[in-house]
Each structure stands twice: as C-alpha cells, then as structure tokens.
Amino acid sequence: MEGDVSGALARGSVATRLPAQDLERARRFYSEKLGLEPFDERPGGLLYRCGDSSFVVFQSTGASPGTFTQMGFQVDDLDTVVIELRAKGVVFEDVDSPGFHTHDGIAEIEGNYPSTGARGERGAWFRDSEGNLLGVGELVR
C-alpha cells in the first residue's frame, strides 16, 4: 500500500531511550561500569553506539519502574561479560519467572525465535544507576 506506515517503519531502525533523573550520574555509570562513552551528546541527552545500533540516555523527571527489561545487549560470550561487569561492581538480578530462573545471575532460557537459528538463550539482568533494567543475552546454538 502506498503510504503504508508499517512499511515505512519496517525500513527504519529502532533506538532505545532510557530515562535518567541524574544524567551525570548515568554518564559515570555507563563509563565506569559498562565501559561505554557517549558517541554524541546534546543538552539533556547522551547518544551511545554499540555495534550497528544506538541508544540514548536522556534527562527525565520521571523514573523507570524497572519492572521489565528496557534494553538488551546481545553478546557472544555471556560468561565473560558477566565476569567483567561484576569486577566493575555491577550487581546482577535474581530472576524467578515462569519458564526460567537465574543461577549465579544467569538464566538458561529454552526456545528462541526460529529466525535466529538458536535453540535457546542465556541471559542476565542488572540495573543501571537510574533503575533501568538492562539485559545481556547470548544465543545458544
């Protein structure tokens, strides 16, 4: 269909937006704990790039409820990432949900989307300085 919005969106890209009540505190967390530096910035916002994707941490008066995963990083070696982040003081969440639970901060998740070619995923979750719940996942092939 000409002018079909879903078609236009499908050709676009997706970028996550994460709220921060204290942008400088968030900048320190992402730098010191995650090893990420802003690719670009503007008043009230920090743009980060990871691979071919991006996300923004923005100044907000609202707070994240932190009750669900707001952004996820896909990595090749979850164990190494968890070890590195723990060494920098990142605390991983214990998750007990239908279908999976964490053991030592890592969940084994059965099944995955067929298009990934994976039979499952391993995942871990932590909160940033602003209470945003972030996930790290590794496909299991």
# chains A, B, ... in the order shown; residues from 1 in each chain; ligands from 1

$ residues_around --residues "region 30-47 of chain A" --least-positions-apart "3" --cutoff "6 Å" --atoms "only C-alpha atoms" --output "JSON, numbers by chain"
{"A": [27, 55, 56, 57, 58, 59, 88]}

$ closest_atom_pairs --of "region 71-91 of chain A" --to "region 106-128 of chain A" --cutoff "10 Å" --atoms "only C-alpha atoms" --output "tab-separated table"
residue	atom	partner	partner_atom	distance
A:Met71	CA	A:Trp125	CA	9.9
A:Gly72	CA	A:Trp125	CA	8.7
A:Phe73	CA	A:Gly123	CA	9.7
A:Gln74	CA	A:Gly123	CA	9.2
A:Val75	CA	A:Gly123	CA	9.8
A:Asp77	CA	A:Arg122	CA	9.7
A:Leu78	CA	A:Arg122	CA	7.4
A:Asp79	CA	A:Ile106	CA	8.5
A:Val81	CA	A:Ala124	CA	9.8
A:Val82	CA	A:Ala124	CA	7.8
A:Leu85	CA	A:Phe126	CA	9.8
A:Val90	CA	A:Phe126	CA	7.1
A:Val91	CA	A:Phe126	CA	6.1

$ closest_residue --among "A:Asp22, A:Asp76, A:Gly89, A:His101" --to "Gly137 (chain A)" --atoms "only C-alpha atoms"
A:Asp76

$ select_by_dssp --residues "chain A" --states "strand (DSSP E or B)" --output "ChimeraX atom specification"
/A:16-20,40-42,45-50,53-59,71-74,92,96-97,100-103,106-110,120-127,133-140

$ closest_residue --among "A:Leu133, A:Ala15, A:Ala20, A:Ala26" --to "Cys50 (chain A)" --atoms "only C-alpha atoms"
A:Ala15
